[in-house]
>>> print(open('data36.json').read())   # JSON, C-alpha atoms and all ligand atoms
[["chain", "number", "residue", "atom", "x", "y", "z"],
["A", 363, "MET", "CA", -12.46, 59.30, 21.99],
["A", 364, "LEU", "CA", -15.52, 59.62, 24.21],
["A", 365, "LEU", "CA", -17.84, 59.46, 21.23],
["A", 366, "LYS", "CA", -15.99, 56.43, 19.86],
["A", 367, "ASN", "CA", -16.31, 54.71, 23.25],
["A", 368, "ARG", "CA", -20.02, 55.48, 23.34],
["A", 369, "GLU", "CA", -20.57, 54.25, 19.82],
["A", 370, "LEU", "CA", -19.00, 50.91, 20.76],
["A", 371, "PHE", "CA", -21.09, 50.81, 23.94],
["A", 372, "LEU", "CA", -24.23, 51.34, 21.85],
["A", 373, "GLN", "CA", -23.21, 48.83, 19.18],
["A", 374, "LEU", "CA", -22.69, 46.15, 21.81],
["A", 375, "ALA", "CA", -25.94, 47.04, 23.55],
["A", 376, "ALA", "CA", -27.72, 46.50, 20.25],
["A", 377, "ARG", "CA", -26.29, 42.97, 19.98],
["A", 378, "PRO", "CA", -26.84, 41.50, 23.41],
["A", 379, "ASN", "CA", -26.29, 37.90, 22.35],
["A", 380, "ASP", "CA", -22.84, 38.16, 20.84],
["A", 381, "LYS", "CA", -20.40, 35.72, 22.34],
["A", 382, "TYR", "CA", -16.85, 36.68, 23.15],
["A", 383, "ASN", "CA", -14.20, 34.12, 23.75],
["A", 384, "THR", "CA", -12.64, 34.71, 27.08],
["A", 385, "VAL", "CA", -8.90, 34.56, 27.24],
["A", 386, "PRO", "CA", -7.48, 31.73, 29.32],
["A", 387, "LYS", "CA", -6.45, 32.91, 32.76],
["A", 388, "PRO", "CA", -2.68, 33.26, 32.97],
["A", 389, "ALA", "CA", -1.27, 30.66, 35.33],
["A", 390, "SER", "CA", 0.21, 33.04, 37.82],
["A", 391, "PHE", "CA", 1.39, 36.57, 38.16],
["A", 392, "PRO", "CA", 4.26, 37.85, 40.23],
["A", 393, "LYS", "CA", 2.97, 39.68, 43.26],
["A", 394, "PRO", "CA", 2.73, 43.37, 42.34],
["A", 395, "PRO", "CA", 5.09, 45.77, 44.07],
["A", 396, "ARG", "CA", 3.76, 48.02, 46.82],
["A", 397, "LEU", "CA", 2.33, 51.32, 45.56],
["A", 398, "ALA", "CA", 4.69, 53.33, 47.76],
["A", 399, "SER", "CA", 7.71, 51.79, 46.06],
["A", 400, "LEU", "CA", 6.63, 52.96, 42.59],
["A", 401, "LYS", "CA", 7.47, 56.14, 40.74],
["A", 402, "ALA", "CA", 4.63, 58.23, 39.36],
["A", 403, "ILE", "CA", 4.22, 58.37, 35.59],
["A", 404, "THR", "CA", 1.75, 60.24, 33.39],
["A", 405, "LEU", "CA", 0.47, 59.58, 29.87],
["A", 406, "LYS", "CA", 2.93, 62.19, 28.53],
["A", 407, "ASP", "CA", 5.80, 59.93, 29.62],
["A", 408, "ILE", "CA", 4.30, 56.88, 27.92],
["A", 409, "ASN", "CA", 5.16, 56.59, 24.25],
["A", 410, "PRO", "CA", 1.98, 55.58, 22.38],
["A", 411, "THR", "CA", 3.98, 54.21, 19.44],
["A", 412, "ILE", "CA", 6.02, 51.66, 21.42],
["A", 413, "ASP", "CA", 4.65, 48.43, 22.85],
["A", 414, "LYS", "CA", 6.12, 48.51, 26.34],
["A", 415, "VAL", "CA", 5.55, 47.73, 30.03],
["A", 416, "TYR", "CA", 6.58, 50.60, 32.31],
["A", 417, "ASP", "CA", 7.96, 48.51, 35.13],
["A", 418, "GLY", "CA", 8.31, 50.17, 38.52],
["A", 419, "TYR", "CA", 5.83, 52.94, 37.73],
["A", 420, "VAL", "CA", 2.28, 53.80, 38.73],
["A", 421, "LEU", "CA", -0.14, 55.71, 36.48],
["A", 422, "GLU", "CA", -2.88, 57.57, 38.37],
["A", 423, "VAL", "CA", -5.98, 58.22, 36.27],
["A", 424, "LYS", "CA", -9.67, 58.92, 36.44],
["A", 425, "ILE", "CA", -12.29, 56.99, 34.49],
["A", 426, "ILE", "CA", -14.23, 59.42, 32.30],
["A", 427, "ASP", "CA", -16.78, 57.21, 30.58],
["A", 428, "PHE", "CA", -18.90, 54.12, 31.02],
["A", 429, "SER", "CA", -17.26, 50.83, 30.23],
["A", 430, "TYR", "CA", -18.34, 48.22, 27.74],
["A", 431, "LEU", "CA", -17.55, 44.56, 28.07],
["A", 432, "MET", "CA", -16.03, 42.46, 25.32],
["A", 433, "VAL", "CA", -13.24, 40.08, 26.29],
["A", 434, "ALA", "CA", -11.94, 42.85, 28.51],
["A", 435, "ILE", "CA", -13.61, 45.73, 30.30],
["A", 436, "ASN", "CA", -13.01, 48.75, 28.05],
["A", 437, "THR", "CA", -13.25, 52.37, 29.03],
["A", 438, "VAL", "CA", -11.58, 55.78, 28.70],
["A", 439, "ILE", "CA", -9.21, 57.34, 31.23],
["A", 440, "GLU", "CA", -7.76, 60.79, 31.85],
["A", 441, "ASP", "CA", -4.66, 61.68, 33.85],
["A", 442, "GLU", "CA", -3.85, 64.76, 35.93],
["A", 443, "ASN", "CA", -2.66, 66.66, 32.82],
["A", 444, "GLY", "CA", -5.93, 66.07, 31.02],
["A", 445, "ASP", "CA", -4.40, 63.56, 28.62],
["A", 446, "ILE", "CA", -6.78, 60.83, 27.54],
["A", 447, "GLN", "CA", -6.26, 57.18, 26.62],
["A", 448, "ARG", "CA", -8.22, 53.97, 26.28],
["A", 449, "LEU", "CA", -8.04, 51.35, 29.04],
["A", 450, "ALA", "CA", -8.69, 47.62, 28.80],
["A", 451, "VAL", "CA", -8.83, 45.46, 31.92],
["A", 452, "TYR", "CA", -8.57, 41.70, 31.39],
["A", 453, "ASN", "CA", -9.47, 38.94, 33.82],
["A", 454, "TRP", "CA", -11.51, 41.12, 36.16],
["A", 455, "PRO", "CA", -13.64, 38.64, 38.15],
["A", 456, "LEU", "CA", -17.24, 39.23, 37.09],
["A", 457, "LYS", "CA", -20.07, 37.04, 38.31],
["A", 458, "GLY", "CA", -23.39, 35.89, 36.90],
["A", 459, "ASP", "CA", -24.80, 35.87, 33.39],
["A", 460, "ARG", "CA", -23.71, 38.31, 30.72],
["A", 461, "LYS", "CA", -26.22, 40.98, 31.72],
["A", 462, "ALA", "CA", -25.08, 40.76, 35.35],
["A", 463, "GLU", "CA", -21.45, 40.94, 34.25],
["A", 464, "ILE", "CA", -22.10, 44.01, 32.10],
["A", 465, "ALA", "CA", -23.95, 45.67, 34.98],
["A", 466, "GLU", "CA", -21.09, 44.94, 37.35],
["A", 467, "ALA", "CA", -18.49, 46.24, 34.87],
["A", 468, "ILE", "CA", -20.50, 49.43, 34.34],
["A", 469, "LYS", "CA", -20.90, 50.04, 38.07],
["A", 470, "THR", "CA", -17.34, 49.15, 39.07],
["A", 471, "PHE", "CA", -15.64, 51.10, 36.28],
["A", 472, "ARG", "CA", -17.92, 54.13, 36.28],
["A", 473, "PRO", "CA", -17.03, 57.75, 35.53],
["A", 474, "ASN", "CA", -15.00, 59.56, 38.19],
["A", 475, "VAL", "CA", -13.64, 56.40, 39.80],
["A", 476, "MET", "CA", -9.89, 56.84, 40.33],
["A", 477, "VAL", "CA", -7.56, 54.09, 39.17],
["A", 478, "SER", "CA", -3.93, 53.44, 40.10],
["A", 479, "ILE", "CA", -2.37, 51.33, 37.36],
["A", 480, "ILE", "CA", 0.74, 49.48, 38.50],
["A", 481, "ASN", "CA", 3.41, 48.78, 35.86],
["A", 482, "PRO", "CA", 1.23, 50.23, 33.07],
["A", 483, "TYR", "CA", 1.44, 48.46, 29.73],
["A", 484, "MET", "CA", 1.11, 50.49, 26.53],
["A", 485, "ARG", "CA", -0.19, 47.91, 24.13],
["A", 486, "LEU", "CA", -0.07, 48.42, 20.39],
["A", 487, "SER", "CA", -2.76, 46.44, 18.67],
["A", 488, "SER", "CA", -2.69, 45.25, 15.08],
["A", 489, "ASP", "CA", -4.86, 48.15, 13.92],
["A", 490, "MET", "CA", -2.18, 50.49, 15.32],
["A", 491, "LYS", "CA", -4.57, 51.72, 17.94],
["A", 492, "ASN", "CA", -2.98, 51.93, 21.31],
["A", 493, "ILE", "CA", -4.45, 51.13, 24.67],
["A", 494, "ILE", "CA", -3.32, 50.85, 28.27],
["A", 495, "ARG", "CA", -3.76, 47.16, 28.91],
["A", 496, "VAL", "CA", -4.12, 45.62, 32.37],
["A", 497, "GLU", "CA", -3.64, 41.88, 32.31],
["A", 498, "ASN", "CA", -4.69, 41.11, 35.86],
["A", 499, "PRO", "CA", -6.76, 42.85, 38.56],
["A", 500, "VAL", "CA", -3.85, 42.77, 41.01],
["A", 501, "TYR", "CA", -2.27, 45.53, 38.92],
["A", 502, "ILE", "CA", -4.95, 48.10, 39.60],
["A", 503, "ARG", "CA", -6.41, 49.80, 42.66],
["A", 504, "LEU", "CA", -9.81, 51.46, 42.39],
["A", 505, "ASP", "CA", -10.90, 54.37, 44.55],
["A", 506, "ASN", "CA", -14.57, 55.27, 44.26],
["A", 507, "THR", "CA", -14.86, 57.33, 47.47],
["A", 508, "SER", "CA", -15.70, 60.64, 45.81],
["A", 509, "ALA", "CA", -16.93, 59.39, 42.43],
["A", 510, "ASP", "CA", -20.59, 60.05, 43.17],
["A", 511, "GLN", "CA", -20.03, 63.62, 44.36],
["A", 512, "LYS", "CA", -18.68, 64.64, 40.96],
["A", 513, "CYS", "CA", -20.36, 65.64, 37.72],
["A", 514, "THR", "CA", -20.30, 62.73, 35.27],
["A", 515, "PHE", "CA", -19.82, 65.11, 32.37],
["A", 516, "CYS", "CA", -17.30, 67.74, 33.52],
["A", 517, "GLY", "CA", -15.83, 65.99, 36.57],
["A", 518, "LYS", "CA", -16.33, 68.97, 38.86],
["A", 519, "GLU", "CA", -17.00, 68.23, 42.51],
["A", 520, "ALA", "CA", -20.30, 69.94, 43.25],
["A", 521, "LYS", "CA", -23.86, 69.45, 44.34],
["A", 522, "VAL", "CA", -24.88, 66.97, 41.67],
["A", 523, "LEU", "CA", -28.27, 65.74, 40.58],
["A", 524, "PRO", "CA", -28.78, 62.29, 39.06],
["A", 525, "CYS", "CA", -30.44, 61.63, 35.72],
["A", 526, "SER", "CA", -33.93, 60.71, 36.84],
["A", 527, "LYS", "CA", -34.22, 57.93, 34.25],
["A", 528, "CYS", "CA", -31.07, 55.83, 34.70],
["A", 529, "MET", "CA", -29.85, 57.23, 38.07],
["A", 530, "MET", "CA", -26.33, 56.37, 36.88],
["A", 531, "VAL", "CA", -25.09, 59.78, 35.77],
["A", 532, "ARG", "CA", -24.93, 62.93, 37.86],
["A", 533, "TYR", "CA", -24.67, 66.52, 36.71],
["A", 534, "CYS", "CA", -23.54, 69.77, 38.32],
["A", 535, "SER", "CA", -25.67, 71.90, 36.01],
["A", 536, "LYS", "CA", -28.43, 71.88, 33.44],
["A", 537, "GLU", "CA", -25.81, 72.84, 30.89],
["A", 538, "CYS", "CA", -23.72, 69.69, 31.48],
["A", 539, "GLN", "CA", -26.85, 67.58, 31.38],
["A", 540, "ARG", "CA", -27.97, 69.15, 28.12],
["A", 541, "ILE", "CA", -24.63, 68.71, 26.31],
["A", 542, "ASP", "CA", -24.27, 65.12, 27.51],
["A", 543, "TRP", "CA", -27.85, 64.27, 26.55],
["A", 544, "ILE", "CA", -27.63, 65.55, 23.01],
["A", 545, "GLU", "CA", -24.04, 65.90, 21.82],
["A", 546, "PHE", "CA", -22.58, 62.99, 23.77],
["A", 547, "LYS", "CA", -25.44, 60.57, 23.21],
["A", 548, "HIS", "CA", -26.59, 60.07, 26.80],
["A", 549, "LYS", "CA", -30.06, 60.09, 25.29],
["A", 550, "GLU", "CA", -29.23, 56.73, 23.68],
["A", 551, "MET", "CA", -26.99, 55.45, 26.49],
["A", 552, "CYS", "CA", -29.58, 56.21, 29.17],
["A", 553, "GLU", "CA", -32.06, 53.54, 28.13],
["A", 554, "HIS", "CA", -29.35, 50.86, 27.95],
["A", 555, "LEU", "CA", -27.86, 51.83, 31.30],
["A", 556, "LYS", "CA", -31.33, 51.58, 32.82],
["A", 557, "ASN", "CA", -31.89, 48.15, 31.25],
["A", 558, "TYR", "CA", -28.52, 46.76, 32.33],
["A", 559, "LEU", "CA", -28.87, 47.96, 35.88],
["A", 560, "SER", "CA", -32.50, 47.06, 36.49],
["B", 1, "ZN", "ZN", -20.69, 69.46, 35.14],
["B", 2, "ZN", "ZN", -29.77, 58.70, 32.15]]
>>> encode(input="data36.json", output="structure tokens", more="lines below")
Ligand SMILES: [Zn+2]
Ligand SMILES: [Zn+2]
Amino acid sequence: MLLKNRELFLQLAARPNDKYNTVPKPASFPKPPRLASLKAITLKDINPTIDKVYDGYVLEVKIIDFSYLMVAINTVIEDENGDIQRLAVYNWPLKGDRKAEIAEAIKTFRPNVMVSIINPYMRLSSDMKNIIRVENPVYIRLDNTSADQKCTFCGKEAKVLPCSKCMMVRYCSKECQRIDWIEFKHKEMCEHLKNYLS
């Protein structure tokens, strides 16, 4: 799933002028319930073959890859059990031109940021691929307090050193850096990250 996400990131980076229709903003959303009133749920409890909103629940996850921006902000998440799923966030308020929007999406939804997803929606798309879909920003809470003290590749909290080229990824070891660079395409991602964020 990580490689798929990165391939899409790279494909989009190679076509910077593509236009995406933005979805019309929904008129209004009911105020989300308070986090404390929700029951915890994990990806195991969410059936990936049924299109359903899990009302009254909160899904706590960690972002594990960089996001790419189409109509929604798309990334990959992992829960406490190590289960992985795709995440799409619609209607997140991004400002500026497309490059500025992409940069903001990449920075805001970066690896190791924690996300609380209120009333998670398992969306089945027409290609039978499933995705956790967030319709409105009021349904998520982001926590980035310890994101930059963790290894971008393995997630371990450690003394981490940034990639000297893009300064956007951080590694706990040479080994993590090496695997990410070669096997997980950071070599190709790095240049684009640097361009978006400069
Ligand atoms: Zn590591
Ligand atoms: Zn880099």
>>> closest_residue(input="data36.json", among="A:Tyr483, A:Thr437, A:Glu519, A:Ala376", to="A:Asn498", atoms="only C-alpha atoms")
A:Tyr483
>>> residues_near_point(input="data36.json", point="(0.0, 57.8, 27.4)", cutoff="12 Å", atoms="all atoms listed in the file", output="ChimeraX atom specification")
/A:403-416,421-423,438-449,482-486,492-495
>>> residues_near_ligand(input="data36.json", ligand="ligand ZN 2 (chain B)", cutoff="10 Å", atoms="only C-alpha atoms and all ligand atoms", output="NGL selection string")
:A and (524-532 or 539 or 542-543 or 548-556)
>>> atom_distance(input="data36.json", atom1="atom CA of A:Gln511", atom2="atom CA of A:Leu365")
23.6 Å
>>> residues_around(input="data36.json", residues="A:Pro499", least_positions_apart="4", cutoff="12 Å", atoms="all atoms listed in the file", output="list in words")
Lys387, Pro388, Phe391, Lys393, Pro394, Ala434, Ile435, Ala450, Val451, Tyr452, Asn453, Trp454, Pro455, Leu456, Val477, Ser478, Ile479, Ile480, Arg495, Arg503 and Leu504 of chain A
>>> closest_residue(input="data36.json", among="A:Cys534, A:Leu559, A:Ala467, A:Ala402", to="ligand ZN 1 (chain B)", atoms="all atoms listed in the file")
A:Cys534
>>> closest_residue(input="data36.json", among="A:Tyr558, A:Tyr533, A:Phe546, A:Phe428", to="ligand ZN 1 (chain B)", atoms="all atoms listed in the file")
A:Tyr533
>>> atom_distance(input="data36.json", atom1="atom CA of A:Tyr430", atom2="atom CA of A:Met476")
17.4 Å
>>> closest_residue(input="data36.json", among="A:Ile544, A:Cys516, A:Leu372, A:Leu431", to="ligand ZN 1 (chain B)", atoms="only C-alpha atoms and all ligand atoms")
A:Cys516
>>> atom_distance(input="data36.json", atom1="atom CA of A:Val433", atom2="atom CA of A:Val500")
17.7 Å
>>> closest_residue(input="data36.json", among="A:Pro395, A:Ser560, A:Lys547, A:Asp417", to="A:Leu364", atoms="all atoms listed in the file")
A:Lys547
>>> residues_around(input="data36.json", residues="A:Gly418", least_positions_apart="2", cutoff="7 Å", atoms="all atoms listed in the file", output="short mmCIF file (atom, residue, chain, number, x, y, z; two decimals) with C-alpha atoms, keeping the file's coordinate frame")
data_model
loop_
_atom_site.label_atom_id
_atom_site.label_comp_id
_atom_site.auth_asym_id
_atom_site.auth_seq_id
_atom_site.Cartn_x
_atom_site.Cartn_y
_atom_site.Cartn_z
CA LEU A 400 6.63 52.96 42.59
CA LYS A 401 7.47 56.14 40.74
CA TYR A 416 6.58 50.60 32.31
CA ASN A 481 3.41 48.78 35.86
#
>>> residues_near_ligand(input="data36.json", ligand="ligand ZN 1 (chain B)", cutoff="7 Å", atoms="only C-alpha atoms and all ligand atoms", output="JSON, numbers by chain")
{"A": [513, 514, 515, 516, 517, 518, 533, 534, 535, 538]}
>>> closest_residue(input="data36.json", among="A:Ser487, A:Met432, A:Ala520, A:Asn474", to="A:Gln373", atoms="only C-alpha atoms")
A:Met432
>>> build_atoms(input="data36.json", residues="stretch 426-442 of chain A", atoms="N, CA and C atoms", output="mmCIF file, keeping the file's coordinate frame")
data_model
loop_
_atom_site.group_PDB
_atom_site.id
_atom_site.type_symbol
_atom_site.label_atom_id
_atom_site.label_comp_id
_atom_site.auth_asym_id
_atom_site.auth_seq_id
_atom_site.Cartn_x
_atom_site.Cartn_y
_atom_site.Cartn_z
ATOM 1 N N ILE A 426 -13.368 58.324 32.739
ATOM 2 C CA ILE A 426 -14.230 59.420 32.300
ATOM 3 C C ILE A 426 -15.415 58.953 31.457
ATOM 4 N N ASP A 427 -15.578 57.639 31.305
ATOM 5 C CA ASP A 427 -16.780 57.210 30.580
ATOM 6 C C ASP A 427 -17.238 55.840 31.079
ATOM 7 N N PHE A 428 -18.407 55.436 30.658
ATOM 8 C CA PHE A 428 -18.900 54.120 31.020
ATOM 9 C C PHE A 428 -18.135 53.062 30.248
ATOM 10 N N SER A 429 -18.017 51.892 30.857
ATOM 11 C CA SER A 429 -17.260 50.830 30.230
ATOM 12 C C SER A 429 -18.184 49.934 29.422
ATOM 13 N N TYR A 430 -17.608 49.276 28.424
ATOM 14 C CA TYR A 430 -18.340 48.220 27.740
ATOM 15 C C TYR A 430 -17.511 46.960 27.842
ATOM 16 N N LEU A 431 -18.203 45.828 27.796
ATOM 17 C CA LEU A 431 -17.550 44.560 28.070
ATOM 18 C C LEU A 431 -17.462 43.729 26.809
ATOM 19 N N MET A 432 -16.222 43.449 26.384
ATOM 20 C CA MET A 432 -16.030 42.460 25.320
ATOM 21 C C MET A 432 -15.259 41.331 25.982
ATOM 22 N N VAL A 433 -14.056 41.030 25.527
ATOM 23 C CA VAL A 433 -13.240 40.080 26.290
ATOM 24 C C VAL A 433 -12.757 40.773 27.561
ATOM 25 N N ALA A 434 -12.375 42.040 27.376
ATOM 26 C CA ALA A 434 -11.940 42.850 28.510
ATOM 27 C C ALA A 434 -12.995 43.898 28.834
ATOM 28 N N ILE A 435 -12.804 44.556 29.973
ATOM 29 C CA ILE A 435 -13.610 45.730 30.300
ATOM 30 C C ILE A 435 -12.908 46.917 29.651
ATOM 31 N N ASN A 436 -13.620 47.640 28.792
ATOM 32 C CA ASN A 436 -13.010 48.750 28.050
ATOM 33 C C ASN A 436 -13.607 50.076 28.475
ATOM 34 N N THR A 437 -12.734 51.049 28.727
ATOM 35 C CA THR A 437 -13.250 52.370 29.030
ATOM 36 C C THR A 437 -12.244 53.440 28.620
ATOM 37 N N VAL A 438 -12.465 54.679 29.055
ATOM 38 C CA VAL A 438 -11.580 55.780 28.700
ATOM 39 C C VAL A 438 -11.100 56.437 29.994
ATOM 40 N N ILE A 439 -9.801 56.745 30.023
ATOM 41 C CA ILE A 439 -9.210 57.340 31.230
ATOM 42 C C ILE A 439 -8.552 58.669 30.913
ATOM 43 N N GLU A 440 -8.408 59.476 31.981
ATOM 44 C CA GLU A 440 -7.760 60.790 31.850
ATOM 45 C C GLU A 440 -6.794 60.940 33.019
ATOM 46 N N ASP A 441 -5.604 61.483 32.747
ATOM 47 C CA ASP A 441 -4.660 61.680 33.850
ATOM 48 C C ASP A 441 -4.706 63.122 34.344
ATOM 49 N N GLU A 442 -3.817 63.442 35.285
ATOM 50 C CA GLU A 442 -3.850 64.760 35.930
ATOM 51 C C GLU A 442 -3.584 65.907 34.946
#
